[in-house]
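Trainee: So that you have it, the file is upload.cif, and it contains mmCIF, C-alpha atoms and all ligand atoms:
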```cif
data_upload
#
loop_
_atom_site.group_PDB
_atom_site.id
_atom_site.type_symbol
_atom_site.label_atom_id
_atom_site.label_comp_id
_atom_site.auth_asym_id
_atom_site.auth_seq_id
_atom_site.Cartn_x
_atom_site.Cartn_y
_atom_site.Cartn_z
ATOM 1 C CA MET C 1 2.236 29.207 105.459
ATOM 2 C CA GLY C 2 -1.221 30.490 106.637
ATOM 3 C CA LYS C 3 -1.011 33.937 105.035
ATOM 4 C CA ILE C 4 -3.266 36.283 103.090
ATOM 5 C CA ILE C 5 -1.657 37.305 99.816
ATOM 6 C CA VAL C 6 -3.404 40.014 97.788
ATOM 7 C CA LEU C 7 -2.827 40.507 94.062
ATOM 8 C CA GLU C 8 -3.895 43.931 92.859
ATOM 9 C CA GLY C 9 -3.565 46.089 89.788
ATOM 10 C CA LEU C 10 -5.291 47.807 86.896
ATOM 11 C CA ASP C 11 -7.743 45.934 84.729
ATOM 12 C CA LYS C 12 -5.867 43.364 82.566
ATOM 13 C CA SER C 13 -2.676 43.728 84.597
ATOM 14 C CA GLY C 14 -2.513 39.925 84.854
ATOM 15 C CA LYS C 15 -4.004 39.302 88.323
ATOM 16 C CA THR C 16 -6.133 36.310 87.297
ATOM 17 C CA THR C 17 -3.220 34.757 85.369
ATOM 18 C CA GLN C 18 -0.815 35.173 88.292
ATOM 19 C CA ALA C 19 -3.365 34.145 90.941
ATOM 20 C CA ARG C 20 -3.935 30.897 89.058
ATOM 21 C CA LEU C 21 -0.190 30.256 88.609
ATOM 22 C CA LEU C 22 0.389 30.947 92.300
ATOM 23 C CA PHE C 23 -2.508 28.766 93.385
ATOM 24 C CA ASP C 24 -1.228 25.817 91.293
ATOM 25 C CA TYR C 25 2.363 26.261 92.487
ATOM 26 C CA LEU C 26 1.504 26.527 96.188
ATOM 27 C CA ASN C 27 -1.158 23.834 96.030
ATOM 28 C CA ASP C 28 1.424 21.405 94.579
ATOM 29 C CA LYS C 29 3.803 22.292 97.381
ATOM 30 C CA TYR C 30 1.195 22.364 100.180
ATOM 31 C CA PRO C 31 -1.666 20.154 98.928
ATOM 32 C CA GLY C 32 -5.128 21.250 100.076
ATOM 33 C CA GLN C 33 -3.675 24.159 102.054
ATOM 34 C CA ILE C 34 -4.420 26.974 99.605
ATOM 35 C CA ASP C 35 -7.655 28.838 98.784
ATOM 36 C CA LEU C 36 -8.251 31.412 96.084
ATOM 37 C CA PHE C 37 -10.951 34.104 96.237
ATOM 38 C CA SER C 38 -11.654 36.677 93.541
ATOM 39 C CA PHE C 39 -13.387 40.013 94.011
ATOM 40 C CA PRO C 40 -15.823 41.075 92.800
ATOM 41 C CA ASP C 41 -17.451 37.684 93.292
ATOM 42 C CA TYR C 42 -20.066 37.930 90.553
ATOM 43 C CA SER C 43 -21.825 34.693 91.658
ATOM 44 C CA THR C 44 -23.842 36.321 94.475
ATOM 45 C CA LYS C 45 -26.899 38.635 94.285
ATOM 46 C CA ILE C 46 -24.717 41.598 95.204
ATOM 47 C CA GLY C 47 -22.157 40.411 92.642
ATOM 48 C CA GLU C 48 -24.861 40.342 89.962
ATOM 49 C CA GLU C 49 -25.747 43.941 90.832
ATOM 50 C CA ILE C 50 -22.071 44.905 90.530
ATOM 51 C CA ARG C 51 -21.900 43.238 87.102
ATOM 52 C CA SER C 52 -24.983 45.213 86.073
ATOM 53 C CA PHE C 53 -23.529 48.605 86.947
ATOM 54 C CA LEU C 54 -20.111 47.741 85.489
ATOM 55 C CA ASP C 55 -21.930 46.814 82.267
ATOM 56 C CA GLY C 56 -23.844 50.124 82.359
ATOM 57 C CA LYS C 57 -27.205 48.361 82.728
ATOM 58 C CA VAL C 58 -28.100 50.098 86.007
ATOM 59 C CA GLN C 59 -26.989 53.472 87.296
ATOM 60 C CA TYR C 60 -25.848 54.165 90.876
ATOM 61 C CA ASN C 61 -23.973 57.041 92.409
ATOM 62 C CA PRO C 62 -20.298 56.333 93.275
ATOM 63 C CA GLN C 63 -21.050 55.834 96.992
ATOM 64 C CA THR C 64 -23.567 53.084 96.249
ATOM 65 C CA LYS C 65 -21.202 51.383 93.787
ATOM 66 C CA HIS C 66 -18.344 51.263 96.248
ATOM 67 C CA MET C 67 -20.591 50.168 99.128
ATOM 68 C CA LEU C 68 -21.806 47.258 96.975
ATOM 69 C CA LEU C 69 -18.203 46.355 96.114
ATOM 70 C CA SER C 70 -17.375 46.321 99.826
ATOM 71 C CA ALA C 71 -20.562 44.407 100.773
ATOM 72 C CA ASN C 72 -19.500 41.760 98.272
ATOM 73 C CA ARG C 73 -16.426 41.162 100.463
ATOM 74 C CA TRP C 74 -18.386 41.198 103.726
ATOM 75 C CA GLU C 75 -20.605 38.401 102.430
ATOM 76 C CA LYS C 76 -17.450 36.271 102.052
ATOM 77 C CA LYS C 77 -15.982 37.134 105.458
ATOM 78 C CA GLU C 78 -16.992 33.818 107.115
ATOM 79 C CA ASN C 79 -15.549 31.801 104.206
ATOM 80 C CA ILE C 80 -12.248 33.656 104.491
ATOM 81 C CA LEU C 81 -12.165 33.188 108.278
ATOM 82 C CA GLU C 82 -12.926 29.488 107.916
ATOM 83 C CA SER C 83 -9.960 29.041 105.558
ATOM 84 C CA LEU C 84 -7.714 30.978 107.895
ATOM 85 C CA LYS C 85 -8.825 28.957 110.930
ATOM 86 C CA SER C 86 -7.861 25.754 109.170
ATOM 87 C CA GLY C 87 -4.386 27.208 108.608
ATOM 88 C CA LYS C 88 -4.754 27.716 104.873
ATOM 89 C CA THR C 89 -2.980 30.357 102.834
ATOM 90 C CA ILE C 90 -5.406 32.561 100.929
ATOM 91 C CA ILE C 91 -4.755 34.211 97.603
ATOM 92 C CA LEU C 92 -7.029 37.183 96.925
ATOM 93 C CA ASN C 93 -7.491 38.392 93.359
ATOM 94 C CA ARG C 94 -8.400 42.009 94.286
ATOM 95 C CA TYR C 95 -9.423 43.003 97.827
ATOM 96 C CA TYR C 96 -10.273 46.226 99.661
ATOM 97 C CA GLN C 97 -7.247 47.957 98.061
ATOM 98 C CA SER C 98 -9.201 48.083 94.774
ATOM 99 C CA ASN C 99 -11.987 49.967 96.495
ATOM 100 C CA LEU C 100 -9.525 52.544 97.840
ATOM 101 C CA VAL C 101 -7.828 53.301 94.526
ATOM 102 C CA TYR C 102 -10.899 53.122 92.266
ATOM 103 C CA GLY C 103 -13.038 54.907 94.868
ATOM 104 C CA LEU C 104 -10.524 57.738 95.161
ATOM 105 C CA ALA C 105 -10.476 58.001 91.363
ATOM 106 C CA ASN C 106 -14.277 58.258 91.521
ATOM 107 C CA GLY C 107 -13.925 61.274 93.815
ATOM 108 C CA LEU C 108 -14.679 59.571 97.153
ATOM 109 C CA ASP C 109 -13.058 60.256 100.491
ATOM 110 C CA PHE C 110 -10.192 57.985 101.629
ATOM 111 C CA GLU C 111 -11.384 57.667 105.263
ATOM 112 C CA TRP C 112 -14.936 56.902 104.162
ATOM 113 C CA LEU C 113 -13.690 54.211 101.779
ATOM 114 C CA SER C 114 -11.375 52.711 104.418
ATOM 115 C CA THR C 115 -14.228 52.446 106.920
ATOM 116 C CA LEU C 116 -16.272 50.301 104.520
ATOM 117 C CA ASP C 117 -13.868 47.377 104.924
ATOM 118 C CA ARG C 118 -12.867 47.940 108.548
ATOM 119 C CA GLY C 119 -13.163 44.558 110.308
ATOM 120 C CA MET C 120 -12.356 42.412 107.286
ATOM 121 C CA PRO C 121 -9.330 40.079 107.735
ATOM 122 C CA LYS C 122 -6.059 41.951 107.235
ATOM 123 C CA GLU C 123 -3.697 40.856 104.489
ATOM 124 C CA ASP C 124 -0.045 39.877 105.058
ATOM 125 C CA ILE C 125 1.315 40.796 101.636
ATOM 126 C CA THR C 126 -0.048 43.042 98.898
ATOM 127 C CA ILE C 127 1.464 42.915 95.430
ATOM 128 C CA ILE C 128 0.507 45.514 92.846
ATOM 129 C CA LEU C 129 0.923 44.291 89.271
ATOM 130 C CA ASP C 130 1.763 47.617 87.697
ATOM 131 C CA VAL C 131 0.981 48.170 84.014
ATOM 132 C CA SER C 132 0.230 51.354 82.135
ATOM 133 C CA PRO C 133 -3.357 52.068 81.051
ATOM 134 C CA ARG C 134 -2.045 51.720 77.484
ATOM 135 C CA VAL C 135 -0.956 48.108 78.083
ATOM 136 C CA SER C 136 -4.239 47.424 79.896
ATOM 137 C CA TYR C 137 -6.118 48.744 76.864
ATOM 138 C CA LEU C 138 -3.949 46.865 74.331
ATOM 139 C CA ARG C 139 -4.494 43.583 76.179
ATOM 140 C CA SER C 140 -8.238 44.248 76.151
ATOM 141 C CA ILE C 141 -8.447 44.851 72.437
ATOM 142 C CA ALA C 142 -6.053 41.974 71.638
ATOM 143 C CA ASN C 143 -8.517 39.649 73.365
ATOM 144 C CA ASN C 144 -11.730 41.330 72.180
ATOM 145 C CA PHE C 145 -12.759 42.074 75.772
ATOM 146 C CA ILE C 146 -15.723 44.401 76.260
ATOM 147 C CA LEU C 147 -14.586 47.354 78.378
ATOM 148 C CA ASP C 148 -16.636 47.916 81.539
ATOM 149 C CA GLU C 149 -17.669 51.296 82.999
ATOM 150 C CA PHE C 150 -14.432 51.621 85.024
ATOM 151 C CA GLU C 151 -12.153 50.654 82.113
ATOM 152 C CA LYS C 152 -13.539 52.910 79.407
ATOM 153 C CA SER C 153 -11.625 56.069 80.230
ATOM 154 C CA ARG C 154 -7.859 56.225 79.952
ATOM 155 C CA GLU C 155 -7.835 59.303 82.170
ATOM 156 C CA PHE C 156 -9.697 57.369 84.874
ATOM 157 C CA LEU C 157 -7.209 54.478 84.669
ATOM 158 C CA GLU C 158 -4.309 56.970 84.902
ATOM 159 C CA LYS C 159 -5.807 58.202 88.180
ATOM 160 C CA VAL C 160 -6.253 54.651 89.457
ATOM 161 C CA ARG C 161 -2.642 53.809 88.627
ATOM 162 C CA PHE C 162 -1.428 56.983 90.335
ATOM 163 C CA ASN C 163 -3.446 56.029 93.426
ATOM 164 C CA TYR C 164 -1.950 52.515 93.500
ATOM 165 C CA LEU C 165 1.589 53.909 93.278
ATOM 166 C CA GLU C 166 1.025 56.650 95.873
ATOM 167 C CA LEU C 167 -0.717 54.380 98.396
ATOM 168 C CA ALA C 168 1.946 51.693 97.871
ATOM 169 C CA LYS C 169 4.500 54.114 99.362
ATOM 170 C CA VAL C 170 2.588 54.537 102.628
ATOM 171 C CA CYS C 171 0.809 51.174 102.923
ATOM 172 C CA ASN C 172 3.796 48.887 102.419
ATOM 173 C CA TRP C 173 2.452 47.416 99.165
ATOM 174 C CA ASN C 174 4.936 45.750 96.811
ATOM 175 C CA VAL C 175 4.903 47.174 93.297
ATOM 176 C CA LEU C 176 5.907 44.815 90.505
ATOM 177 C CA HIS C 177 6.561 46.031 86.978
ATOM 178 C CA SER C 178 4.193 43.746 85.089
ATOM 179 C CA GLU C 179 4.661 44.423 81.402
ATOM 180 C CA ASN C 180 7.124 41.481 81.196
ATOM 181 C CA SER C 181 6.257 37.888 80.367
ATOM 182 C CA SER C 182 4.062 35.980 82.804
ATOM 183 C CA ASP C 183 7.017 33.726 83.764
ATOM 184 C CA ILE C 184 9.205 36.635 84.827
ATOM 185 C CA ILE C 185 6.388 38.215 86.833
ATOM 186 C CA PHE C 186 5.598 34.911 88.510
ATOM 187 C CA LYS C 187 9.234 34.437 89.611
ATOM 188 C CA SER C 188 9.186 37.921 91.162
ATOM 189 C CA ILE C 189 5.971 37.086 93.018
ATOM 190 C CA LEU C 190 7.597 33.953 94.463
ATOM 191 C CA ASP C 191 10.558 36.103 95.551
ATOM 192 C CA ILE C 192 8.292 38.608 97.302
ATOM 193 C CA ILE C 193 6.382 35.934 99.208
ATOM 194 C CA GLY C 194 9.603 34.071 100.088
ATOM 195 C CA GLU C 195 8.720 30.889 98.216
ATOM 196 C CA GLN C 196 11.504 30.789 95.597
HETATM 197 N N1 LIG Z 1 2.421 39.168 81.342
HETATM 198 C C1 LIG Z 1 1.512 39.197 80.370
HETATM 199 N N2 LIG Z 1 1.867 39.571 79.126
HETATM 200 C C2 LIG Z 1 0.919 39.627 78.127
HETATM 201 N N3 LIG Z 1 -0.394 39.322 78.284
HETATM 202 C C3 LIG Z 1 -0.785 38.956 79.507
HETATM 203 C C4 LIG Z 1 0.125 38.870 80.614
HETATM 204 N N4 LIG Z 1 -0.565 38.481 81.711
HETATM 205 C C5 LIG Z 1 -1.844 38.330 81.305
HETATM 206 N N5 LIG Z 1 -1.976 38.597 79.994
HETATM 207 C C6 LIG Z 1 -3.213 38.556 79.192
HETATM 208 O O1 LIG Z 1 -3.942 39.753 79.480
HETATM 209 C C7 LIG Z 1 -5.337 39.458 79.600
HETATM 210 C C8 LIG Z 1 -5.801 39.859 81.007
HETATM 211 O O2 LIG Z 1 -5.152 38.982 81.943
HETATM 212 P P1 LIG Z 1 -5.810 38.647 83.334
HETATM 213 O O3 LIG Z 1 -7.216 38.166 83.150
HETATM 214 O O4 LIG Z 1 -4.880 37.748 84.062
HETATM 215 O O5 LIG Z 1 -5.832 40.099 83.977
HETATM 216 P P2 LIG Z 1 -6.671 40.686 85.195
HETATM 217 O O6 LIG Z 1 -5.784 41.665 85.855
HETATM 218 O O7 LIG Z 1 -7.188 39.565 86.046
HETATM 219 O O8 LIG Z 1 -7.873 41.411 84.464
HETATM 220 P P3 LIG Z 1 -9.244 41.988 85.088
HETATM 221 O O9 LIG Z 1 -8.903 42.932 86.186
HETATM 222 O O10 LIG Z 1 -9.886 42.695 83.949
HETATM 223 O O11 LIG Z 1 -10.047 40.792 85.571
HETATM 224 C C9 LIG Z 1 -5.492 37.956 79.287
HETATM 225 O O12 LIG Z 1 -5.822 37.816 77.935
HETATM 226 C C10 LIG Z 1 -4.110 37.392 79.576
HETATM 227 O O13 LIG Z 1 -3.849 36.245 78.813
HETATM 228 C C1 LIG Z 2 -13.137 44.410 94.081
HETATM 229 C C2 LIG Z 2 -13.283 45.813 93.573
HETATM 230 C C3 LIG Z 2 -13.246 46.103 92.223
HETATM 231 N N1 LIG Z 2 -13.369 47.371 91.794
HETATM 232 C C4 LIG Z 2 -13.356 47.647 90.340
HETATM 233 C C5 LIG Z 2 -12.085 47.290 89.637
HETATM 234 C C6 LIG Z 2 -12.521 46.881 88.257
HETATM 235 O O1 LIG Z 2 -12.632 48.036 87.432
HETATM 236 C C7 LIG Z 2 -13.902 46.294 88.488
HETATM 237 C C8 LIG Z 2 -13.861 44.796 88.543
HETATM 238 O O2 LIG Z 2 -13.502 44.297 87.312
HETATM 239 P P1 LIG Z 2 -12.741 42.889 87.126
HETATM 240 O O3 LIG Z 2 -12.503 42.830 85.640
HETATM 241 O O4 LIG Z 2 -13.677 41.789 87.568
HETATM 242 O O5 LIG Z 2 -11.477 42.910 87.918
HETATM 243 O O6 LIG Z 2 -14.347 46.820 89.735
HETATM 244 C C9 LIG Z 2 -13.565 48.410 92.690
HETATM 245 O O7 LIG Z 2 -13.706 49.580 92.305
HETATM 246 N N2 LIG Z 2 -13.626 48.137 94.020
HETATM 247 C C10 LIG Z 2 -13.488 46.874 94.511
HETATM 248 O O8 LIG Z 2 -13.538 46.662 95.748
#
```
Once more with this new file: its structure as structure tokens, please.
Mentor:
Amino acid sequence: MGKIIVLEGLDKSGKTTQARLLFDYLNDKYPGQIDLFSFPDYSTKIGEEIRSFLDGKVQYNPQTKHMLLSANRWEKKENILESLKSGKTIILNRYYQSNLVYGLANGLDFEWLSTLDRGMPKEDITIILDVSPRVSYLRSIANNFILDEFEKSREFLEKVRFNYLELAKVCNWNVLHSENSSDIIFKSILDIIGEQ
């Protein structure tokens, strides 16, 4: 394989669930040939800072927030390149696409946001797991999740969803209706990546 597959979508759209299912499926089929990265990566210093502002513990302006979110990818660039060099397929649970759609919803400029990730490895396939903000919210409360700064406002999530759907039209992103069961969504993902 040797591809970069990006799973994107609103908070609680099922990215982590599907990334895990996909990792297990592909790793069974191609043992040791698959890597999974999730962004934000909260394990680094920059990741800890991101966690702090998402939890409302520190305040930054939108530019600083989105630069930190991008820097958190840059610090993983060598790891991603290493995987690619060894011919592995990489699954990314969020990537620069999140910064575009959330950044736009935070009032930032598209070109400015795009520049932040210019030079990072390019993806082969992007799949947007599309759910409504209502479903995102219902899944959060059903699981007693604490809503972070970007999840608190339904109006904000409406903007983010709009941005995903609009950019999908011009950026060749696949949009998958993702309010079905996990099994159905997973089968559609396998179809999109040609692994059925
Ligand atoms: N298809 C589905 N139907 C119903 N519930 C789901 C589905 N997929 C995932 N969930 C549930 O929704 C919650 C969020 O799922 P998950 O962590 O996979 O989403 P996410 O997009 O990675 O979220 P976040 O962006 O907040 O990290 C979990 O409790 C999960 O079990
Ligand atoms: C990678 C990335 C993320 N975001 C936003 C999207 C979410 O609201 C949070 C991360 O929360 P999660 O529950 O860990 O998915 O951050 C962003 O705006 N820009 C990015 O690059």
Trainee: Hey, what comes out of the PyMOL selection byres (((chain C and resi 148-165) around 7) and not hetatm) on this file? Could you write it as a list of chain:residue names?
Mentor: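 When the PyMOL selection byres (((chain C and resi 148-165) around 7) and not hetatm) is applied, the selected residues are C:Leu10, C:Asp11, C:Leu54, C:Asp55, C:Gly56, C:Val101, C:Tyr102, C:Ala105, C:Pro133, C:Ile146, C:Leu147, C:Glu166, C:Leu167, C:Ala168, C:Lys169.
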Trainee: Produce a file of the selected residues containing C-alpha atoms, as a PDB file, in the coordinates of the input.
Mentor:
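Done, and the output landed in selection-v1.pdb:
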```
ATOM      1  CA  LEU C  10      -5.291  47.807  86.896  1.00  0.00           C
ATOM      2  CA  ASP C  11      -7.743  45.934  84.729  1.00  0.00           C
ATOM      3  CA  LEU C  54     -20.111  47.741  85.489  1.00  0.00           C
ATOM      4  CA  ASP C  55     -21.930  46.814  82.267  1.00  0.00           C
ATOM      5  CA  GLY C  56     -23.844  50.124  82.359  1.00  0.00           C
ATOM      6  CA  VAL C 101      -7.828  53.301  94.526  1.00  0.00           C
ATOM      7  CA  TYR C 102     -10.899  53.122  92.266  1.00  0.00           C
ATOM      8  CA  ALA C 105     -10.476  58.001  91.363  1.00  0.00           C
ATOM      9  CA  PRO C 133      -3.357  52.068  81.051  1.00  0.00           C
ATOM     10  CA  ILE C 146     -15.723  44.401  76.260  1.00  0.00           C
ATOM     11  CA  LEU C 147     -14.586  47.354  78.378  1.00  0.00           C
ATOM     12  CA  GLU C 166       1.025  56.650  95.873  1.00  0.00           C
ATOM     13  CA  LEU C 167      -0.717  54.380  98.396  1.00  0.00           C
ATOM     14  CA  ALA C 168       1.946  51.693  97.871  1.00  0.00           C
ATOM     15  CA  LYS C 169       4.500  54.114  99.362  1.00  0.00           C
TER      16      LYS C 169
END
```
Trainee: How would you write, as number ranges by chain, the residues chosen by the PyMOL selection byres (((not hetatm)) within 7 of (chain Z and resi 1)) on this structure?
Mentor: C: 9-18, 139-140, 143, 178-182, 185
Trainee: Generate the output file for the selected residues, C-alpha atoms, as a short mmCIF file (atom, residue, chain, number, x, y, z; two decimals), in the coordinates of the input.
Mentor:
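File result-v7.cif, as written:
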```
data_model
loop_
_atom_site.label_atom_id
_atom_site.label_comp_id
_atom_site.auth_asym_id
_atom_site.auth_seq_id
_atom_site.Cartn_x
_atom_site.Cartn_y
_atom_site.Cartn_z
CA GLY C 9 -3.56 46.09 89.79
CA LEU C 10 -5.29 47.81 86.90
CA ASP C 11 -7.74 45.93 84.73
CA LYS C 12 -5.87 43.36 82.57
CA SER C 13 -2.68 43.73 84.60
CA GLY C 14 -2.51 39.92 84.85
CA LYS C 15 -4.00 39.30 88.32
CA THR C 16 -6.13 36.31 87.30
CA THR C 17 -3.22 34.76 85.37
CA GLN C 18 -0.82 35.17 88.29
CA ARG C 139 -4.49 43.58 76.18
CA SER C 140 -8.24 44.25 76.15
CA ASN C 143 -8.52 39.65 73.36
CA SER C 178 4.19 43.75 85.09
CA GLU C 179 4.66 44.42 81.40
CA ASN C 180 7.12 41.48 81.20
CA SER C 181 6.26 37.89 80.37
CA SER C 182 4.06 35.98 82.80
CA ILE C 185 6.39 38.22 86.83
#
```
Trainee: Neighbouring residues of Ile90 of chain C were defined as those with any atom within 12 Å, considering all atoms listed in the file; residues of the same chain fewer than 6 positions away were excluded. Please report them as a ChimeraX atom specification.
Mentor: /C:1-7,19,22-23,26-27,32-38,79-84,121-126
Trainee: Taking into account only C-alpha atoms and all ligand atoms, which residue in the set C:Pro62, C:Gly107, C:Pro40, C:Gly87 is nearest to ligand LIG 2 (chain Z)?
Mentor: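 Among the listed residues, the smallest separation from ligand LIG 2 (chain Z) belongs to C:Pro40.
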Trainee: What does the distance from atom CA of Leu68 of chain C to atom CA of Ile46 of chain C come to in Å, to one decimal?
Mentor: 6.6 Å
Trainee: Select, from C:Thr64, C:Ser132, C:Asn99, C:Ser43, the residue with the minimum atom-to-atom distance to ligand LIG 2 (chain Z), counting all atoms listed in the file.
Mentor: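 Closest to ligand LIG 2 (chain Z) of all the choices is C:Asn99.
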